[in-house]
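First up is the structure itself, then whatever we jot down about it.
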Amino acid sequence: MTVFACAGCGAVLTAPLSEVALPVLAHGRYGHDLLPALMDPGTYAVDPEPSGPPWRRWSEIDPDEAAARGVYAPVPALSFGPPGAVVIAPGDVRGTVLIPDRCDGYCLGLDGRDGPNLACAGCELAVATRIDDCSFWQAIRLDPRTVRRLPGVRPAAPVAGWEALSGEYAGTPPVEPPGFWSPLWEAAVGAALARLPAASTGAPVTVPDGPIADAFRHALDTLLPRDVRPKTLALAGPGLPGPDGDIALVPAHPRTGAIWEPPGTPDAVPLDFRVWRYLAFGDDRVPVPVTGGLPDGVRRDESPPLLPGWPFRPDREVFLRTLARLPEVRRPWLRRIYDRMREHPYGHPF
């Protein structure tokens with residue numbers, strides 16, 4: 001377990017935390033309501049990319065300079081703030097106060113546009129940025145320039161191996177109880193979808209029937225041509241048979257971010273573990289009571305869950321952000337896909 005402290009006076013600024021991979025939702029926005037926390041309580045993640053002001057428009061940046069920062073296609077603007085912000089849940093911050101003249105936001109809260117808006121209560125050094133405006137996942141981003149990591153206050157929990165992860169992380173269904181598509185699914189599929197054309201080298205991708213087809217088939221059929229020999233997509237990972245496709249859709253470890261390596265030689269495309277687990281093992285059965293049970297194949301006599309009234313759509317912004325950071329996007333055919341999706345935001349497949 002790790003705590004973070006003010007680099008100015010040494011005051012402790014966080015509860016004890018365990019490191020996890022940066023969530024796929026970290027740079028996304030959703031709807032126009034107040035959203036819950038991005039991070040689970042007691043966890044932190046490090047964002048390797050620069051964040052916060054100053055910002056520079058794409059027209060002001062040399063393409064080679066952008067490529068050196070890991071961005072290979074035009075984006076509206078790039079942050080030239082510090083890399084390595086530590087992202088935590090708002091409830092895990094300690095000993096900070098708001099900086100009143102840095103509390104601007106878009107609508108109902110703070111969006112961090114003016115840089116760090118939280119100061120250490122002890123020495124008034126700006127140490128973090130709180131983000132809680134509508135459409136943003138609530139988070140505290142600790143400034144790596146003014147916050148330092150203290151030695152572990154108690155041993156960190158061991159990182160579970162692939163086979164043990166199922167006991168820690170359940171699969172996330174694609175539909176939330178109110179009858180809306182899960183934003184986690186939209187973001188996770190958007191990120192994986194950006195990598196699939198590069199993995200296919202421009203060939204069409206055949207998707208097996210079932211939930212994986214519901215999530216990926218329409219978008220892939222729209223993005224990729226159909227006049228060359230297709231490649232096949234297969235779900236692969238711990239607990240599943242060996243992949244039998246040209247491209248394997250595999251889980252990313254939720255603690256370390258490591259990608260499961262399929263046996264053989266198929267190209268691997270990572271997917272958020274909770275979404276992958278549902279695709280691999282989830283079903284739509286209604287849970288039975290703890291005591292007793294029902295025979296196999298028998299379902300309870302209950303109303304079916306609410307379902308969305310519109311087709312599933314991957315998150316377009318996550319798709320574009322991910323694709324812009326793949327070196328392969330410099331290939332002309334893939335750049336055309338990127339430009340088409342960027343210039344026509346309301347077209348298929350989004």
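Residue numbering restarts at 1 for every chain of the structure tokens, chains are lettered A, B, ... in their displayed order, and ligands are numbered from 1 as they appear.
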Residues of region 28-248 of chain A in alpha helix (DSSP H) according to DSSP, as a PyMOL selection string?
chain A and resi 63-68+183-200+211-223
Worksheet item: Pro151 (chain A): which residues within 10 Å, counting only C-alpha atoms, same-chain residues fewer than 3 positions away excluded, as a PyMOL selection string?
Response: chain A and resi 1-4+148+154
Polymer residues at most 10 Å from Leu98 (chain A), only C-alpha atoms, same-chain spacing of 5 or more positions, as a count of residues only: 12
Margin query: I'd like the contact shell of His32 (chain A) - 9 Å cut-off, only C-alpha atoms, skipping same-chain residues fewer than 4 positions apart - returned as a VMD selection string.
Written below: chain A and resid 134 to 136
Let me see the file: selected residues, all heavy atoms, as a short mmCIF file (atom, residue, chain, number, x, y, z; two decimals), in the first residue's frame.
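The new file out.cif reads:
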data_model
loop_
_atom_site.label_atom_id
_atom_site.label_comp_id
_atom_site.auth_asym_id
_atom_site.auth_seq_id
_atom_site.Cartn_x
_atom_site.Cartn_y
_atom_site.Cartn_z
N CYS A 134 -20.14 17.86 -14.90
CA CYS A 134 -21.00 16.93 -15.59
C CYS A 134 -20.28 16.39 -16.82
O CYS A 134 -19.46 17.09 -17.43
CB CYS A 134 -22.33 17.58 -15.97
SG CYS A 134 -22.26 18.72 -17.34
N SER A 135 -20.56 15.17 -17.16
CA SER A 135 -19.96 14.44 -18.29
C SER A 135 -18.60 13.86 -17.96
O SER A 135 -18.10 13.03 -18.72
CB SER A 135 -19.84 15.31 -19.56
OG SER A 135 -21.09 15.82 -19.94
N PHE A 136 -17.96 14.29 -16.87
CA PHE A 136 -16.63 13.80 -16.51
C PHE A 136 -16.74 12.78 -15.38
O PHE A 136 -17.52 12.96 -14.44
CB PHE A 136 -15.73 14.94 -16.03
CG PHE A 136 -15.33 15.91 -17.09
CD1 PHE A 136 -16.11 17.03 -17.36
CD2 PHE A 136 -14.17 15.73 -17.83
CE1 PHE A 136 -15.74 17.94 -18.34
CE2 PHE A 136 -13.79 16.64 -18.81
CZ PHE A 136 -14.58 17.74 -19.07
#
- Task: Between CA of Lys231 (chain A) and CA of Val205 (chain A), measure the distance and give it in Å to one decimal.
- Result: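 These two atoms are separated by 4.9 Å.
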Min atom-atom distance to Ile259 (chain A) from the set A:Arg229, A:Asp244, A:Pro238, A:Phe216, counting only C-alpha atoms, belongs to A:Pro238
